[in-house]
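Reading through the C-alpha cells given below for one structure.
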Amino acid sequence: MIVLVTDFGLEGPYVGQLQAVLYAQARSVPVVSLFADLPPFRARAAGYLIAPYVSEFPLGTVFVGVVDPGVGTQRRGLVVKASGQWFVGPDNGLFDVICKRARAVSRWEISYRPRRLSASFHGRDVFAPVAARLACGGGIPGRPLRDEASAWAEVADDLFEVVYIDRYGNAITGIRAQVLSAASVLVVAGRRIRFARTFGVAEAGVPFWYENSSGLVEFSLREDSASRVLGLQPGDPVQLMG
Amino acid sequence: MIVLVTDFGLEGPYVGQLQAVLYAQARSVPVVSLFADLPPFRARAAGYLIAPYVSEFPLGTVFVGVVDPGVGTQRRGLVVKASGQWFVGPDNGLFDVICKRARAVSRWEISYRPRRLSASFHGRDVFAPVAARLACGGGIPGRPLRDEASAWAEVADDLFEVVYIDRYGNAITGIRAQVLSAASVLVVAGRRIRFARTFGVAEAGVPFWYENSSGLVEFSLREDSASRVLGLQPGDPVQLMG
Amino acid sequence: MIVLVTDFGLEGPYVGQLQAVLYAQARSVPVVSLFADLPPFRARAAGYLIAPYVSEFPLGTVFVGVVDPGVGTQRRGLVVKASGQWFVGPDNGLFDVICKRARAVSRWEISYRPRRLSASFHGRDVFAPVAARLACGGGIPGRPLRDEASAWAEVADDLFEVVYIDRYGNAITGIRAQVLSAASVLVVAGRRIRFARTFGVAEAGVPFWYENSSGLVEFSLREDSASRVLGLQPGDPVQLMG
C-alpha cells in the first residue's frame, strides 16, 4: 500500500497528480490519501500528528510525506526505513519523531533526478516515482546516510501544541495520551480542560480532552465544535497543570 | 464494491483510515467514498438522503454507513441485508428508511470485537473489518435479529426537511419526487417554490424545485446558490401547499 | 487510466457516483479524480486550466470532463481524440483549447442513450459509461464530426484570466509561462507583479508570478495566500505590461 500524507489540500490537482504517477508506475498497488490537509508549511508539527497514524499500517507500507515549504531550495530528499515501513519526502523534520520512536532507522539521501524536474513539485517529480519503485520492490535510488544513534536526542518526545483541527472541530494535539493520566488537567486558550473517556459520556457544553482513536490527546465537545467554542488553531500551545 | 457513506468529513484521516483497513483485508475490492460529508450527527435524516443513492449500486454492494454520535455508548452495531445489498453501521436509525422500503430485510447484531477497540472509532475498528469480510464472501459475524414485519411502520415514508446542501448550493430534501406532481408547490424558508424540469430550462433568478438525478426533491437556482439566496440549512422544514 | 476533471465539488455524492459507474463497467481500470473543484459553470476557462495537466498523462488516458451548465438542454455530448488521449464530455468549449493545441484531433457526437437518462446528471448517465467503454477498448458510440482544420482558429492561444485558486491561495492563470519571459511584468487587481523562479527564493511579503509545475503562470506569495492579499477570484483579468 502507498499512503499519502500531504498539505496539498483536498482541492486542486495535486493529490490526483501524485495518484496518476503512482498508478502509472505501480499499477497494482492501492493508494490511500490519509491526510491531504495537513496544516500548510508546519513540517515538524505534522510529524507529531502522523506518527501514531502510520503505526496503524502494515509493515512494508510506503508513505509519501509532503509538507515542503523549502521546495526549490537545496533541501535534500529522503528515503527513511523506520520500524519496517518506508517514508519518502523532504528532509525538513517531517519524519524526525517517527525516527526517534522507531525500533530501527535507516536513511538515504535521494539521488534520483527525473528528466523533467519542476522547481515547485518534487512530490510529483521525485517522491512519487521513488515511492512507486519502493512499493514494487525496486532498489533505493539514493546513498545511505550514517546517522548517529543520538541523532534524534534533541527531538521532543511529544509536542504540546494543537496540530490539527478536524471536521467536527476536534483539536488534535501532538501529545500521546499515554504520557498523561485521567487526572491530568490541560490548559489551552486560557481554559482548564479535564478528561472524559469519550463523546457519549461527556457532559454537554463542557469541553473535555480524551485519547483519540489513534492515541493522541484531543480537545472535544459533545455534538459541538471545541475549536470554535475555545477559539483554537493549529500552533496554539497546550500546558499540563501541576 | 464497498461504498462509504459517512459524516467523517473530506478532511482529516478518517476516510483514509477506513480505506486502509479495507484494502488490507479485501484488497481486490474497489472502495468508493460516496458521501464523506453527511450532515454530522443526523443519522435519521441521513437515511432519507442516502436511500435513493444506494439503489443505483449493483446487488451485493456493501455499504459502510457511519453517522455515529453515540459511539462509545451501548448502542449496537448492525449488519443489514436489504433488497440484496449489505449495510454495516450503528443501530441508530441510519438504515431505517432503507429497511422500510426494501423488498426483504434481514438484520444481525454484530458480535465481532477486535483485539483493539477504540472508544470513538468503531468505523475503523468494527464496521470496516466486518464490511471487508462480507465483501469477500465471509460469514456474518453476528446474531440474527427477529424483526417484526411491522418494525418500520412508524418510520415516515418521506422526510419533509432539507437533508443536504451540495457544492452548488442546491438543497436536497428527504422527499421523493414521485410523491409530488409538477403542479405541487412547496414552502421552505417562507417562500413558495414551484417546479421546473431542470436547470437549463429554469428562469434565471427564481428558485425552483426539481427531481434530482437520484429522484429526490431539490431546491435549485440557475447558475446560483439556492441555499444562499433562500438561507437554507440542513434540518429546515419543508411544507407541501394545499 | 480514467481521469475525472469536474466542477462537482469534493463534497457530496457526484464524484463517487461516477467512480461507481466506472468501477462497475471497467473494474480493472484505475480512476483518478484530478480536479473535482473546477470553478463552476466556466467551461471555457476550465479548458485553459486543464490543458497542461492532461499532457502529463500517458497516451490512451480517458478523461471525463464535466463542467456542464447546459445539461438538460440540447447541447451535444462529445468524444474527442486529441494527441492520443480521449476526452468525453459536453460540447460547450471545455475541450476547445486542447483541440487547438493538439497534433491531431478527431471528434464524435455521442449517440449513446442509456435506458435511464436523468435531466441533470449526464456525467453519470452518459459520459461515465462511454468513458468506461473507451477505457476497455470498446468502440466509439457516436457519429464522426467533420471538423475543418480551421475549426479552432478563433480560440485564443492563452487566457489572460485567473482560472483557479488553490488551497495555498495561489492563483493559477490560463497563460502558459512559455509565452512570457522572466522580464515580463503582469498586472492583476491593479498591482504590478514580477517574476520569481520559485517559492524558496521569493522575497517574503511580495507577491510574484512564476511558472508552476505544469507550465502555467501562477501568482503566489511565500508562505502566505496571494489570492487573499491581492483579492483575487476566478475570472479576474490579467494584463501584460509593455
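Within each chain, counting starts at residue 1; across the C-alpha cells, chains are named A, B, ... in the order shown, with ligands numbered 1 upward in that order.
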I want to know what sits within 6 Å of Val64 in chain B, based on only C-alpha atoms, with residues of the same chain fewer than 5 positions away left out; could you give that as a CSV table (one decimal) with all heavy atoms, in the first residue's frame?
```
chain,number,residue,atom,x,y,z
B,4,LEU,N,-18.6,3.9,1.0
B,4,LEU,CA,-18.6,4.5,2.3
B,4,LEU,C,-19.6,5.7,2.3
B,4,LEU,O,-19.5,6.5,1.4
B,4,LEU,CB,-17.2,5.1,2.6
B,4,LEU,CG,-16.0,4.1,2.5
B,4,LEU,CD1,-14.7,4.7,2.9
B,4,LEU,CD2,-16.3,2.8,3.3
B,87,PHE,N,-25.5,-3.6,4.5
B,87,PHE,CA,-25.3,-2.3,5.2
B,87,PHE,C,-24.7,-2.6,6.5
B,87,PHE,O,-25.2,-3.5,7.2
B,87,PHE,CB,-26.6,-1.5,5.4
B,87,PHE,CG,-27.3,-1.2,4.1
B,87,PHE,CD1,-28.1,-2.1,3.5
B,87,PHE,CD2,-27.0,0.0,3.4
B,87,PHE,CE1,-28.7,-1.8,2.2
B,87,PHE,CE2,-27.6,0.3,2.2
B,87,PHE,CZ,-28.4,-0.6,1.6
B,88,VAL,N,-23.6,-1.9,6.9
B,88,VAL,CA,-22.9,-2.2,8.1
B,88,VAL,C,-22.8,-0.8,8.8
B,88,VAL,O,-22.3,0.2,8.2
B,88,VAL,CB,-21.5,-2.8,7.9
B,88,VAL,CG1,-20.8,-3.1,9.2
B,88,VAL,CG2,-21.6,-4.0,7.0
```
**Item:** Within 8 Å of range 38-52 of chain B using only C-alpha atoms, minus same-chain residues under 5 positions, as a PyMOL selection string
**Value:** (chain A and resi 168+223) or (chain B and resi 5-9+67-69+92-98+158-159+163-164+172-175+214-216+234) or (chain C and resi 12)
**Prompt:** Using only C-alpha atoms, which chain B residues lie at most 8 Å away from chain C, written as a VMD selection string?
**Reply:** chain B and resid 10 30 32 to 38 57 to 58 166 to 168 197 to 201 212 to 213 223
Within 6 Å of Ser225 in chain A, counting only C-alpha atoms, which residues qualify if same-chain residues fewer than 2 places away don't, as a JSON list (two decimals) with all heavy atoms, in the first residue's frame?
```
[["chain", "number", "residue", "atom", "x", "y", "z"],
["A", 168, "TYR", "N", -15.18, 17.97, 12.70],
["A", 168, "TYR", "CA", -16.14, 18.17, 13.77],
["A", 168, "TYR", "C", -15.71, 19.31, 14.71],
["A", 168, "TYR", "O", -16.41, 19.62, 15.66],
["A", 168, "TYR", "CB", -16.28, 16.89, 14.61],
["A", 168, "TYR", "CG", -16.59, 15.64, 13.82],
["A", 168, "TYR", "CD1", -15.58, 14.84, 13.32],
["A", 168, "TYR", "CD2", -17.91, 15.25, 13.60],
["A", 168, "TYR", "CE1", -15.86, 13.68, 12.61],
["A", 168, "TYR", "CE2", -18.20, 14.09, 12.90],
["A", 168, "TYR", "CZ", -17.17, 13.31, 12.40],
["A", 168, "TYR", "OH", -17.45, 12.17, 11.71],
["A", 169, "GLY", "N", -14.52, 19.89, 14.44],
["A", 169, "GLY", "CA", -13.99, 20.91, 15.33],
["A", 169, "GLY", "C", -13.18, 20.35, 16.49],
["A", 169, "GLY", "O", -12.78, 21.09, 17.38],
["A", 221, "LEU", "N", -15.91, 18.43, 22.21],
["A", 221, "LEU", "CA", -17.13, 18.94, 22.83],
["A", 221, "LEU", "C", -18.25, 18.09, 22.25],
["A", 221, "LEU", "O", -18.29, 17.84, 21.05],
["A", 221, "LEU", "CB", -17.29, 20.41, 22.45],
["A", 221, "LEU", "CG", -18.30, 21.28, 23.17],
["A", 221, "LEU", "CD1", -18.17, 21.18, 24.67],
["A", 221, "LEU", "CD2", -18.12, 22.73, 22.73],
["A", 227, "SER", "N", -13.16, 23.55, 18.86],
["A", 227, "SER", "CA", -12.25, 24.57, 18.33],
["A", 227, "SER", "C", -12.93, 25.92, 18.19],
["A", 227, "SER", "O", -12.33, 26.96, 18.46],
["A", 227, "SER", "CB", -11.70, 24.13, 16.98],
["A", 227, "SER", "OG", -10.97, 22.95, 17.14],
["A", 228, "ARG", "N", -14.19, 25.90, 17.78],
["A", 228, "ARG", "CA", -14.91, 27.16, 17.64],
["A", 228, "ARG", "C", -15.18, 27.76, 19.02],
["A", 228, "ARG", "O", -14.92, 28.93, 19.27],
["A", 228, "ARG", "CB", -16.22, 26.94, 16.88],
["A", 228, "ARG", "CG", -16.94, 28.22, 16.48],
["A", 228, "ARG", "CD", -18.24, 27.91, 15.75],
["A", 228, "ARG", "NE", -19.05, 26.92, 16.42],
["A", 228, "ARG", "CZ", -19.73, 27.12, 17.56],
["A", 228, "ARG", "NH1", -19.72, 28.30, 18.14],
["A", 228, "ARG", "NH2", -20.43, 26.14, 18.10]]
```
**Request:** From a DSSP pass on the backbone, collect the residues of range 73-200 of chain B flagged as alpha helix (DSSP H) and hand them back as a PyMOL selection string.
**Result:** chain B and resi 96-101+122+128-135
Keeping only C-alpha atoms, write those residues as a PDB file, in the first residue's frame.
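Listed below is the output, part.pdb:
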```pdb
ATOM      1  CA  ASP B  96     -34.442   2.535   8.952  1.00  0.00           C
ATOM      2  CA  VAL B  97     -35.899   4.010   5.789  1.00  0.00           C
ATOM      3  CA  ILE B  98     -33.835   1.653   3.643  1.00  0.00           C
ATOM      4  CA  CYS B  99     -35.361  -1.244   5.633  1.00  0.00           C
ATOM      5  CA  LYS B 100     -38.862   0.189   5.338  1.00  0.00           C
ATOM      6  CA  ARG B 101     -38.642   0.454   1.554  1.00  0.00           C
ATOM      7  CA  HIS B 122     -15.912   1.854  15.536  1.00  0.00           C
ATOM      8  CA  ALA B 128     -14.730  -1.743   8.180  1.00  0.00           C
ATOM      9  CA  PRO B 129     -13.440  -5.219   9.137  1.00  0.00           C
ATOM     10  CA  VAL B 130     -16.988  -6.608   9.055  1.00  0.00           C
ATOM     11  CA  ALA B 131     -17.586  -4.976   5.641  1.00  0.00           C
ATOM     12  CA  ALA B 132     -14.322  -6.387   4.282  1.00  0.00           C
ATOM     13  CA  ARG B 133     -15.387  -9.835   5.428  1.00  0.00           C
ATOM     14  CA  LEU B 134     -18.811  -9.538   3.786  1.00  0.00           C
ATOM     15  CA  ALA B 135     -17.280  -8.221   0.553  1.00  0.00           C
TER      16      ALA B 135
END
```
**Item:** Test item: residues at most 12 Å from Gln239 in chain C, only C-alpha atoms, excluding those fewer than 3 positions along its chain, as a PyMOL selection string
**Value:** chain C and resi 158-162+173-175+180+184-193+236+242
